[in-house]
>>> print(open('coords12.cif').read())   # mmCIF, C-alpha atoms
data_run
loop_
_atom_site.label_atom_id
_atom_site.label_comp_id
_atom_site.auth_asym_id
_atom_site.auth_seq_id
_atom_site.Cartn_x
_atom_site.Cartn_y
_atom_site.Cartn_z
CA MET H 830 148.57 175.55 81.43
CA PRO H 831 146.17 172.82 82.63
CA LYS H 832 144.18 175.30 84.75
CA ARG H 833 143.27 177.41 81.76
CA ILE H 834 142.19 174.39 79.74
CA ALA H 835 140.00 173.21 82.61
CA VAL H 836 138.18 176.56 82.75
CA VAL H 837 137.59 176.64 79.01
CA GLU H 838 136.30 173.07 79.02
CA LYS H 839 133.94 173.89 81.85
CA ILE H 840 132.54 176.90 79.96
CA LEU H 841 132.05 174.85 76.80
CA SER H 842 130.35 171.96 78.55
CA ALA H 843 128.02 174.34 80.43
CA ASN H 844 127.23 175.85 77.04
CA ASP H 845 126.56 172.40 75.55
CA ARG H 846 124.10 171.60 78.32
CA GLN H 847 122.23 174.86 77.74
CA ALA H 848 122.28 174.25 73.97
CA HIS H 849 120.65 170.88 74.56
CA GLU H 850 117.98 172.53 76.72
CA ASN H 851 117.37 175.10 73.99
CA GLN H 852 116.81 172.35 71.45
CA VAL H 853 114.41 170.50 73.75
CA ARG H 854 112.49 173.75 74.12
CA LEU H 855 112.38 174.35 70.36
CA ASP H 856 111.27 170.75 69.74
CA SER H 857 108.41 171.06 72.20
CA ALA H 858 107.23 174.02 70.11
CA ARG H 859 107.92 172.08 66.87
CA LEU H 860 110.14 174.95 65.78
CA TRP H 861 113.11 174.28 63.49
CA ALA H 862 116.03 176.65 63.99
CA ILE H 863 119.12 177.54 61.99
CA ASN H 864 122.33 179.24 63.20
CA LEU H 865 123.68 181.53 60.47
CA MET H 866 127.35 182.43 60.75
CA ALA H 867 129.74 184.49 58.57
CA SER H 868 132.45 187.10 58.62
CA PRO H 869 131.39 190.75 58.86
CA GLY H 870 129.72 191.87 55.66
CA ALA H 871 129.38 188.49 53.94
CA GLY H 872 125.63 189.02 53.68
CA LYS H 873 123.89 187.26 56.58
CA THR H 874 121.33 190.03 57.00
CA SER H 875 120.72 190.34 53.26
CA LEU H 876 120.17 186.58 53.03
CA ILE H 877 117.71 186.76 55.92
CA GLU H 878 115.83 189.63 54.27
CA ARG H 879 115.60 187.62 51.04
CA THR H 880 114.53 184.52 52.96
CA VAL H 881 111.83 186.28 54.97
CA LYS H 882 110.39 187.89 51.84
CA GLY H 883 110.78 184.71 49.76
CA LEU H 884 108.92 182.55 52.28
CA ALA H 885 106.26 185.15 53.11
CA GLY H 886 102.83 183.52 53.27
CA LYS H 887 104.40 180.07 53.53
CA MET H 888 106.29 180.32 56.80
CA ARG H 889 106.05 182.48 59.90
CA ILE H 890 109.65 183.40 60.59
CA GLY H 891 111.28 184.48 63.83
CA MET H 892 114.73 185.97 64.13
CA ILE H 893 117.32 186.34 66.85
CA ASN H 894 120.08 188.79 65.94
CA GLY H 895 123.39 188.91 67.70
CA ASP H 896 125.14 192.24 67.40
CA ILE H 897 128.03 193.75 69.29
CA ALA H 898 126.33 197.12 69.17
CA THR H 899 123.24 198.66 67.50
CA THR H 900 120.04 196.95 66.38
CA LEU H 901 120.64 197.56 62.66
CA ASP H 902 120.30 193.92 61.60
CA ALA H 903 117.24 193.24 63.73
CA ASP H 904 115.63 196.36 62.25
CA ARG H 905 116.26 195.09 58.71
CA GLY H 906 114.75 191.69 59.53
CA ARG H 907 111.72 193.31 61.12
CA GLU H 908 111.19 195.53 58.10
CA ALA H 909 111.29 192.42 55.91
CA GLY H 910 108.45 190.95 57.99
CA ALA H 911 110.01 188.74 60.67
CA THR H 912 109.38 188.73 64.39
CA SER H 913 112.71 189.74 65.80
CA VAL H 914 114.63 189.78 69.07
CA ASN H 915 117.93 191.56 69.33
CA ILE H 916 120.82 190.32 71.47
CA ASN H 917 123.32 193.08 72.03
CA THR H 918 126.40 191.13 73.12
CA GLY H 919 128.08 194.23 74.56
CA GLY H 920 131.34 193.56 72.77
CA ASN H 921 131.25 189.78 72.97
CA CYS H 922 132.45 188.13 69.76
CA HIS H 923 129.93 185.29 69.50
CA LEU H 924 126.52 184.17 70.67
CA ASP H 925 126.32 181.45 73.28
CA ALA H 926 123.52 179.13 74.33
CA MET H 927 122.73 181.21 77.45
CA MET H 928 122.11 184.35 75.40
CA VAL H 929 119.88 182.40 73.02
CA ALA H 930 117.92 180.92 75.95
CA GLY H 931 117.16 184.46 77.09
CA ALA H 932 116.03 185.47 73.61
CA LEU H 933 113.79 182.39 73.29
CA GLU H 934 111.90 183.64 76.37
CA GLN H 935 110.90 186.72 74.40
CA LEU H 936 109.45 184.88 71.41
CA GLU H 937 106.13 183.10 71.13
CA LEU H 938 107.71 179.94 69.79
CA THR H 939 104.56 178.03 68.92
CA SER H 940 103.44 180.85 66.61
CA LEU H 941 106.52 180.38 64.42
CA ASP H 942 107.53 177.89 61.71
CA LEU H 943 111.17 178.79 61.28
CA LEU H 944 113.68 180.47 63.57
CA ILE H 945 116.79 182.09 62.12
CA ILE H 946 119.58 182.99 64.52
CA GLU H 947 122.03 185.50 63.08
CA ASN H 948 125.33 185.12 64.87
CA VAL H 949 127.93 187.86 65.40
CA GLY H 950 130.01 188.58 62.27
CA ASN H 951 133.12 186.52 63.00
CA LEU H 952 134.73 183.53 61.24
CA VAL H 953 136.45 182.24 64.36
CA CYS H 954 134.71 182.22 67.72
CA PRO H 955 131.06 181.36 66.87
CA ALA H 956 132.16 177.92 65.61
CA ASP H 957 132.98 176.85 69.18
CA PHE H 958 129.58 177.55 70.72
CA LYS H 959 126.56 175.35 70.04
CA LEU H 960 123.29 177.25 70.36
CA GLY H 961 120.77 174.41 70.24
CA THR H 962 119.77 174.97 66.61
CA HIS H 963 118.98 172.06 64.29
CA LEU H 964 121.43 173.23 61.64
CA ASN H 965 124.52 175.43 61.34
CA ALA H 966 125.08 177.31 58.11
CA LEU H 967 127.86 179.56 56.87
CA VAL H 968 127.46 182.49 54.52
CA ALA H 969 130.66 182.83 52.50
CA SER H 970 131.26 185.71 50.14
CA ILE H 971 133.15 185.94 46.84
CA PRO H 972 135.09 189.18 47.61
CA GLU H 973 136.42 187.63 50.84
CA GLY H 974 138.70 185.50 48.69
CA ASP H 975 139.05 181.85 47.77
CA ASP H 976 141.48 180.94 50.57
CA LYS H 977 138.98 181.21 53.42
CA PRO H 978 138.24 177.48 53.94
CA TYR H 979 141.97 176.86 54.30
CA LYS H 980 142.44 179.73 56.75
CA TYR H 981 139.29 179.25 58.88
CA PRO H 982 138.94 175.46 58.98
CA GLY H 983 136.99 175.36 62.27
CA MET H 984 134.13 177.31 60.79
CA TYR H 985 134.01 175.41 57.50
CA ARG H 986 134.15 172.09 59.32
CA GLY H 987 131.31 172.82 61.73
CA VAL H 988 128.45 173.58 59.33
CA GLN H 989 125.92 171.56 57.38
CA ALA H 990 125.40 174.12 54.63
CA VAL H 991 127.51 176.80 52.91
CA VAL H 992 125.79 179.67 51.09
CA ILE H 993 128.29 181.26 48.69
CA ASN H 994 127.00 184.82 48.34
CA LYS H 995 127.84 187.75 46.02
CA ILE H 996 128.49 185.55 42.97
CA ASP H 997 127.51 188.61 40.88
CA LEU H 998 130.97 189.99 41.81
CA LEU H 999 132.84 187.02 40.26
CA PRO H 1000 133.81 188.98 37.11
CA TYR H 1001 135.44 191.75 39.16
CA VAL H 1002 137.57 189.89 41.71
CA PRO H 1003 140.26 187.22 41.56
CA PHE H 1004 138.46 184.13 42.85
CA ARG H 1005 139.19 180.54 41.85
CA MET H 1006 135.92 178.71 42.49
CA GLN H 1007 137.54 175.29 42.10
CA TYR H 1008 140.26 176.06 44.66
CA PHE H 1009 137.64 177.38 47.08
CA LYS H 1010 135.38 174.35 46.65
CA THR H 1011 138.27 171.92 47.01
CA GLY H 1012 139.00 173.54 50.38
CA ILE H 1013 135.41 173.04 51.49
CA GLU H 1014 135.32 169.44 50.24
CA VAL H 1015 138.49 168.49 52.10
CA LEU H 1016 137.21 169.88 55.40
CA ASN H 1017 133.57 168.96 55.06
CA PRO H 1018 132.95 166.32 52.39
CA GLY H 1019 129.51 166.45 50.80
CA VAL H 1020 128.34 169.56 52.67
CA ARG H 1021 125.35 171.21 50.96
CA GLN H 1022 126.41 174.25 48.94
CA PHE H 1023 124.46 177.08 47.34
CA GLU H 1024 125.72 179.77 44.98
CA VAL H 1025 123.63 182.92 45.29
CA SER H 1026 123.58 186.67 44.95
CA CYS H 1027 121.36 188.46 47.45
CA GLN H 1028 121.88 191.55 45.30
CA SER H 1029 120.62 190.14 41.97
CA GLY H 1030 118.54 187.30 43.40
CA VAL H 1031 120.32 184.55 41.46
CA GLY H 1032 120.28 181.10 43.09
CA LEU H 1033 117.90 182.01 45.90
CA THR H 1034 115.04 179.75 44.78
CA GLU H 1035 117.17 176.67 45.36
CA TRP H 1036 118.10 177.91 48.85
CA LEU H 1037 114.49 178.75 49.76
CA ASP H 1038 113.17 175.40 48.50
CA TRP H 1039 115.81 173.54 50.46
CA LEU H 1040 115.13 175.52 53.64
CA GLU H 1041 111.40 174.88 53.37
CA LYS H 1042 112.07 171.19 52.85
CA GLN H 1043 114.20 171.07 56.02
CA VAL H 1044 111.34 172.47 58.07
CA LEU H 1045 108.74 170.12 56.58
CA GLN H 1046 110.99 167.07 56.98
CA TYR H 1047 111.70 168.02 60.60
CA ARG H 1048 108.00 168.17 61.38
CA GLN H 1049 107.41 164.87 59.65
CA ASN H 1050 110.15 163.29 61.74
CA LEU H 1051 108.62 164.66 64.96
CA LYS H 1052 105.24 163.20 63.96
CA ASP H 1053 106.76 159.81 63.15
CA LYS H 1054 108.34 159.54 66.62
CA MET N 744 129.91 187.80 87.85
CA PRO N 745 132.72 189.71 89.60
CA LYS N 746 135.08 186.70 89.45
CA ARG N 747 134.94 186.52 85.67
CA ILE N 748 135.60 190.24 85.32
CA ALA N 749 138.62 189.97 87.62
CA VAL N 750 140.14 187.22 85.48
CA VAL N 751 139.61 189.14 82.23
CA GLU N 752 141.14 192.30 83.74
CA LYS N 753 144.14 190.32 84.92
CA ILE N 754 144.69 188.86 81.43
CA LEU N 755 144.42 192.29 79.81
CA SER N 756 146.79 193.99 82.25
CA ALA N 757 149.35 191.19 81.85
CA ASN N 758 149.01 191.70 78.11
CA ASP N 759 149.50 195.47 78.51
CA ARG N 760 152.72 194.93 80.45
CA GLN N 761 154.06 192.59 77.77
CA ALA N 762 152.98 195.06 75.04
CA HIS N 763 154.98 197.78 76.79
CA GLU N 764 158.02 195.48 76.92
CA ASN N 765 157.62 194.73 73.21
CA GLN N 766 157.64 198.43 72.42
CA VAL N 767 160.74 199.03 74.55
CA ARG N 768 162.42 196.22 72.63
CA LEU N 769 161.38 197.68 69.25
CA ASP N 770 162.56 201.15 70.28
CA SER N 771 165.96 199.85 71.30
CA ALA N 772 166.26 198.52 67.74
CA ARG N 773 164.85 201.78 66.31
CA LEU N 774 162.16 199.71 64.59
CA TRP N 775 158.73 201.22 63.95
CA ALA N 776 155.87 198.68 63.95
CA ILE N 777 152.28 198.70 62.76
CA ASN N 778 149.45 196.34 63.78
CA LEU N 779 147.18 195.68 60.78
CA MET N 780 143.67 194.47 61.60
CA ALA N 781 140.62 193.64 59.46
CA SER N 782 137.82 191.16 58.94
CA PRO N 783 138.60 188.02 56.94
CA GLY N 784 139.20 188.86 53.31
CA ALA N 785 139.30 192.66 53.55
CA GLY N 786 142.76 192.63 51.99
CA LYS N 787 145.40 192.80 54.75
CA THR N 788 147.73 190.43 52.93
CA SER N 789 147.22 192.14 49.57
CA LEU N 790 147.98 195.51 51.17
CA ILE N 791 151.14 194.07 52.71
CA GLU N 792 152.23 192.63 49.35
CA ARG N 793 151.70 196.02 47.71
CA THR N 794 153.51 197.77 50.56
CA VAL N 795 156.54 195.46 50.51
CA LYS N 796 156.87 195.83 46.73
CA GLY N 797 156.14 199.57 46.82
CA LEU N 798 158.84 200.28 49.42
CA ALA N 799 161.41 197.86 47.98
CA GLY N 800 164.86 199.46 47.96
CA LYS N 801 163.71 202.12 50.42
CA MET N 802 162.84 200.07 53.49
CA ARG N 803 163.77 196.66 54.79
CA ILE N 804 160.46 195.21 55.90
CA GLY N 805 159.74 192.48 58.44
CA MET N 806 156.41 190.77 58.90
CA ILE N 807 154.71 188.83 61.65
CA ASN N 808 151.61 186.99 60.43
CA GLY N 809 148.93 185.71 62.74
CA ASP N 810 146.91 182.88 61.29
CA ILE N 811 144.56 180.37 62.86
CA ALA N 812 145.87 177.70 60.54
CA THR N 813 148.22 177.52 57.54
CA THR N 814 151.10 179.81 56.58
CA LEU N 815 149.40 181.16 53.42
CA ASP N 816 149.72 184.85 54.35
CA ALA N 817 153.31 184.59 55.54
CA ASP N 818 154.18 182.82 52.28
CA ARG N 819 152.67 185.68 50.25
CA GLY N 820 154.61 188.29 52.24
CA ARG N 821 157.83 186.34 51.83
CA GLU N 822 157.30 186.03 48.09
CA ALA N 823 156.83 189.81 47.95
CA GLY N 824 160.24 190.22 49.57
CA ALA N 825 159.70 190.61 53.31
CA THR N 826 161.38 188.72 56.14
CA SER N 827 158.51 186.88 57.72
CA VAL N 828 157.63 185.00 60.89
CA ASN N 829 154.40 183.05 61.12
CA ILE N 830 152.36 182.78 64.32
CA ASN N 831 149.94 179.91 64.09
CA THR N 832 147.44 180.76 66.85
CA GLY N 833 146.01 177.23 66.90
CA GLY N 834 142.42 178.46 66.74
CA ASN N 835 142.89 181.60 68.82
CA CYS N 836 140.94 184.55 67.42
CA HIS N 837 143.49 187.31 67.93
CA LEU N 838 147.18 187.95 68.48
CA ASP N 839 148.34 188.94 71.93
CA ALA N 840 151.52 190.62 73.17
CA MET N 841 152.99 187.31 74.39
CA MET N 842 152.73 185.73 70.94
CA VAL N 843 154.33 188.81 69.39
CA ALA N 844 157.17 188.73 71.95
CA GLY N 845 157.93 185.17 70.83
CA ALA N 846 157.93 186.21 67.18
CA LEU N 847 160.23 189.18 67.86
CA GLU N 848 162.83 186.69 69.16
CA GLN N 849 162.96 185.16 65.70
CA LEU N 850 163.65 188.39 63.80
CA GLU N 851 166.88 190.32 63.55
CA LEU N 852 165.23 193.59 64.56
CA THR N 853 168.16 195.92 63.95
CA SER N 854 168.33 194.81 60.31
CA LEU N 855 164.78 196.07 59.66
CA ASP N 856 163.25 199.52 59.05
CA LEU N 857 159.56 198.67 59.27
CA LEU N 858 157.70 195.83 60.98
CA ILE N 859 154.19 194.94 59.85
CA ILE N 860 152.14 192.69 62.13
CA GLU N 861 149.19 191.09 60.37
CA ASN N 862 146.57 190.23 62.97
CA VAL N 863 144.01 187.40 62.73
CA GLY N 864 141.08 188.24 60.43
CA ASN N 865 138.48 189.36 62.95
CA LEU N 866 136.68 192.68 63.53
CA VAL N 867 136.03 192.04 67.22
CA CYS N 868 138.67 190.47 69.44
CA PRO N 869 141.99 191.93 68.15
CA ALA N 870 140.85 195.43 69.23
CA ASP N 871 141.19 194.43 72.89
CA PHE N 872 144.82 193.32 72.79
CA LYS N 873 147.69 195.78 72.51
CA LEU N 874 150.74 194.28 70.85
CA GLY N 875 153.32 196.98 71.51
CA THR N 876 153.21 198.46 68.01
CA HIS N 877 153.52 202.20 67.40
CA LEU N 878 150.34 202.37 65.37
CA ASN N 879 147.12 200.38 64.88
CA ALA N 880 145.50 200.39 61.46
CA LEU N 881 142.31 198.88 60.10
CA VAL N 882 141.78 197.62 56.57
CA ALA N 883 138.12 198.11 55.69
CA SER N 884 136.64 196.82 52.46
CA ILE N 885 133.88 198.17 50.21
CA PRO N 886 131.97 194.85 49.71
CA GLU N 887 131.76 194.40 53.51
CA GLY N 888 129.14 197.14 53.52
CA ASP N 889 128.83 200.71 54.76
CA ASP N 890 127.40 199.83 58.19
CA LYS N 891 130.57 198.32 59.64
CA PRO N 892 131.73 201.32 61.76
CA TYR N 893 128.31 201.36 63.44
CA LYS N 894 128.36 197.61 64.08
CA TYR N 895 131.99 197.18 65.15
CA PRO N 896 132.68 200.39 67.08
CA GLY N 897 135.48 198.95 69.24
CA MET N 898 137.63 198.27 66.21
CA TYR N 899 136.96 201.59 64.50
CA ARG N 900 137.63 203.48 67.73
CA GLY N 901 140.96 201.85 68.49
CA VAL N 902 142.93 202.66 65.33
CA GLN N 903 144.97 205.60 64.08
CA ALA N 904 144.45 204.88 60.38
CA VAL N 905 141.74 203.31 58.22
CA VAL N 906 142.61 201.94 54.78
CA ILE N 907 139.42 201.61 52.74
CA ASN N 908 140.25 198.86 50.25
CA LYS N 909 138.55 197.50 47.09
CA ILE N 910 137.24 200.88 45.97
CA ASP N 911 137.32 199.45 42.42
CA LEU N 912 134.18 197.51 43.45
CA LEU N 913 132.20 200.69 44.27
CA PRO N 914 130.20 200.58 40.99
CA TYR N 915 129.00 197.02 41.68
CA VAL N 916 127.85 197.09 45.30
CA PRO N 917 125.45 199.24 47.33
CA PHE N 918 127.80 201.35 49.45
CA ARG N 919 127.11 204.89 50.69
CA MET N 920 130.57 206.37 51.23
CA GLN N 921 129.18 209.37 53.13
CA TYR N 922 127.26 207.16 55.59
CA PHE N 923 130.35 205.00 56.11
CA LYS N 924 132.63 207.99 56.70
CA THR N 925 130.17 209.64 59.06
CA GLY N 926 130.30 206.45 61.14
CA ILE N 927 134.09 206.60 61.28
CA GLU N 928 134.11 210.32 62.11
CA VAL N 929 131.69 209.89 65.01
CA LEU N 930 133.76 207.12 66.58
CA ASN N 931 137.21 208.38 65.76
CA PRO N 932 137.26 212.06 64.77
CA GLY N 933 140.06 213.05 62.44
CA VAL N 934 141.45 209.53 62.00
CA ARG N 935 143.70 209.25 58.92
CA GLN N 936 141.85 207.62 56.01
CA PHE N 937 143.02 206.18 52.71
CA GLU N 938 140.94 205.01 49.76
CA VAL N 939 142.77 202.34 47.81
CA SER N 940 142.42 199.32 45.57
CA CYS N 941 145.10 196.69 46.04
CA GLN N 942 143.73 195.12 42.86
CA SER N 943 144.10 198.14 40.54
CA GLY N 944 146.74 200.00 42.57
CA VAL N 945 144.69 203.20 42.92
CA GLY N 946 145.47 205.31 45.99
CA LEU N 947 148.48 203.29 47.11
CA THR N 948 151.06 206.04 46.56
CA GLU N 949 149.44 208.17 49.24
CA TRP N 950 149.48 205.24 51.68
CA LEU N 951 153.11 204.36 50.93
CA ASP N 952 154.27 207.99 51.28
CA TRP N 953 152.46 208.33 54.58
CA LEU N 954 153.88 205.06 55.93
CA GLU N 955 157.41 206.05 54.98
CA LYS N 956 156.91 209.42 56.66
CA GLN N 957 155.79 207.71 59.88
CA VAL N 958 159.00 205.70 60.00
CA LEU N 959 161.25 208.70 59.28
CA GLN N 960 159.46 210.90 61.80
CA TYR N 961 159.74 208.16 64.45
CA ARG N 962 163.50 207.93 63.92
CA GLN N 963 163.84 211.69 64.07
CA ASN N 964 161.94 211.74 67.36
CA LEU N 965 164.22 209.06 68.82
CA LYS N 966 167.25 211.10 67.80
CA ASP N 967 165.85 214.29 69.33
CA LYS N 968 165.31 212.60 72.70
#
>>> encode(input="coords12.cif", output="structure tokens")
Amino acid sequence: MPKRIAVVEKILSANDRQAHENQVRLDSARLWAINLMASPGAGKTSLIERTVKGLAGKMRIGMINGDIATTLDADRGREAGATSVNINTGGNCHLDAMMVAGALEQLELTSLDLLIIENVGNLVCPADFKLGTHLNALVASIPEGDDKPYKYPGMYRGVQAVVINKIDLLPYVPFRMQYFKTGIEVLNPGVRQFEVSCQSGVGLTEWLDWLEKQVLQYRQNLKDK
Amino acid sequence: MPKRIAVVEKILSANDRQAHENQVRLDSARLWAINLMASPGAGKTSLIERTVKGLAGKMRIGMINGDIATTLDADRGREAGATSVNINTGGNCHLDAMMVAGALEQLELTSLDLLIIENVGNLVCPADFKLGTHLNALVASIPEGDDKPYKYPGMYRGVQAVVINKIDLLPYVPFRMQYFKTGIEVLNPGVRQFEVSCQSGVGLTEWLDWLEKQVLQYRQNLKDK
């Protein structure tokens, strides 16, 4: 079906162009942005809450939340102390660069140090759509099972960091960490990995330090140009 | 964008027609089919394993497994004793009626009593595509969190049964059962619910009895016509 392929390619390349424009816009505000993806319930919102609280006083954080319905996640981020814009996708299964461009309009970008974009809970579709962020990260979750890298390769391949959440549940579920990590390594050799529990707080310091370092390094690079 | 809407409507109505044809085909073989949906890692495959083993000797079970990549799920179903056909969607985020029609060709339908279709792990897109099954069911999972009905209303609205899995993890995660169930009730009043653990086996007898009853009732209805 060459016609169908042509349409899809056209949509993706229009999205790529907008993603590039988004990044130019972020760079002119010296604002580093991260695209956080995961399946439903892996803990994106909990990780954002922990991040906003953990970096309070150090970083001014903005959030864009993609939700199919409701503003539940945006509300949680706001309560934690972030400036937040909600994108209600109206049933759409992923964010795209156009939606993000609209949300950027509603934020005072120069007043922020870090922008976290919370994608729609979905391990498939979000991987295909660049948003213009500087980094893509995946929140994985222990109770989801250790076969996920093998079954959702597109997502595991397209990120620069994997946050393995809910490690406090390791004693209660069958999960072979080595098998899981081998899957990640095969698809995405050397990708940065974190093992955390947003419930107990374990492992979050390493994640927060790394995130802060990304922002500082980004600004240094912009200065050096 | 009226053009885009027209295209989507055309795809969905073509899918509906094929779904109807699939059901006619199943009915002519007196084969009752269920479409099992869930987010990644909620436990669709584990529930199928338990079901195949639990109904061994009573029902001859066939399986169609939708996977983006790999045949891991189909392999597990086959090991449990089911006849299985794998649909590798090649990155597609849901099954559609055309894919299922192709898989039906590969099964000897009249030699089966129950057909389980395992959809792609995704709480968004599969809800939009009828497959021609007699019933749609959702596998929810405790560690996913109690806000899922509110955040993924399309999925919770479009099913006739909800299997709440991993209830053995209730002591270890923050999950308000009443809040969760209120969400389900609002979207889908009176929908059949099961609380199970595919890990410990709790609650599965009720599910198996109910499933068996659906098949017997379906056959009785066909006879009465």
>>> resolve_selection(input="coords12.cif", expression="the PyMOL selection byres ((chain N) within 9 of (chain H))", output="PyMOL selection string")
chain N and resi 782-786+810-815+834-836+864-868+886-891+893-897+911-912+915-917+942
>>> closest_residue(input="coords12.cif", among="N:Leu838, N:Leu850, N:Leu855, N:Val905", to="Ile804 (chain N)", atoms="all atoms listed in the file")
N:Leu855
>>> resolve_selection(input="coords12.cif", expression="the PyMOL selection byres ((chain H and resi 912) around 10)", output="JSON, numbers by chain")
{"H": [889, 890, 891, 892, 893, 903, 906, 907, 908, 909, 910, 911, 913, 914, 936, 937, 941, 944]}
>>> resolve_selection(input="coords12.cif", expression="the PyMOL selection byres ((chain N and resi 840) around 6)", output="MDAnalysis selection string")
chainID N and resid 758 761:762 839 841:843 874
>>> atom_distance(input="coords12.cif", atom1="CA of Asn965 (chain H)", atom2="CA of Ala990 (chain H)")
6.9 Å
>>> atom_distance(input="coords12.cif", atom1="CA of Val992 (chain H)", atom2="CA of Val968 (chain H)")
4.7 Å
>>> decode(input="coords12.cif", residues="region 871-886 of chain N", atoms="N, CA and C atoms", output="short mmCIF file (atom, residue, chain, number, x, y, z; two decimals), in the first residue's frame")
data_model
loop_
_atom_site.label_atom_id
_atom_site.label_comp_id
_atom_site.auth_asym_id
_atom_site.auth_seq_id
_atom_site.Cartn_x
_atom_site.Cartn_y
_atom_site.Cartn_z
N ASP N 871 -10.50 1.07 20.04
CA ASP N 871 -11.20 1.61 18.86
C ASP N 871 -11.47 0.57 17.77
N PHE N 872 -10.88 -0.60 17.89
CA PHE N 872 -10.97 -1.56 16.79
C PHE N 872 -11.68 -2.84 17.19
N LYS N 873 -12.90 -3.01 16.70
CA LYS N 873 -13.61 -4.27 16.91
C LYS N 873 -12.90 -5.38 16.16
N LEU N 874 -12.91 -6.57 16.73
CA LEU N 874 -12.24 -7.70 16.07
C LEU N 874 -13.23 -8.76 15.60
N GLY N 875 -14.47 -8.66 16.10
CA GLY N 875 -15.45 -9.69 15.74
C GLY N 875 -15.65 -10.71 16.85
N THR N 876 -15.03 -10.47 18.00
CA THR N 876 -15.19 -11.38 19.14
C THR N 876 -16.57 -11.19 19.77
N HIS N 877 -16.96 -12.13 20.62
CA HIS N 877 -18.26 -12.06 21.28
C HIS N 877 -18.19 -11.25 22.56
N LEU N 878 -16.99 -11.05 23.06
CA LEU N 878 -16.84 -10.30 24.30
C LEU N 878 -15.47 -9.61 24.34
N ASN N 879 -15.45 -8.40 24.90
CA ASN N 879 -14.20 -7.69 25.14
C ASN N 879 -13.92 -7.65 26.63
N ALA N 880 -12.71 -8.02 27.02
CA ALA N 880 -12.37 -7.97 28.44
C ALA N 880 -11.06 -7.21 28.64
N LEU N 881 -10.96 -6.60 29.81
CA LEU N 881 -9.77 -5.82 30.15
C LEU N 881 -9.10 -6.46 31.35
N VAL N 882 -7.78 -6.65 31.27
CA VAL N 882 -7.02 -7.07 32.44
C VAL N 882 -6.40 -5.82 33.05
N ALA N 883 -6.87 -5.45 34.24
CA ALA N 883 -6.27 -4.33 34.97
C ALA N 883 -5.28 -4.92 35.97
N SER N 884 -4.45 -4.07 36.54
CA SER N 884 -3.42 -4.60 37.44
C SER N 884 -3.18 -3.63 38.60
N ILE N 885 -3.14 -4.18 39.81
CA ILE N 885 -3.02 -3.35 41.01
C ILE N 885 -1.84 -2.36 40.95
N PRO N 886 -0.61 -2.81 40.61
CA PRO N 886 0.51 -1.84 40.63
C PRO N 886 0.41 -0.74 39.58
#
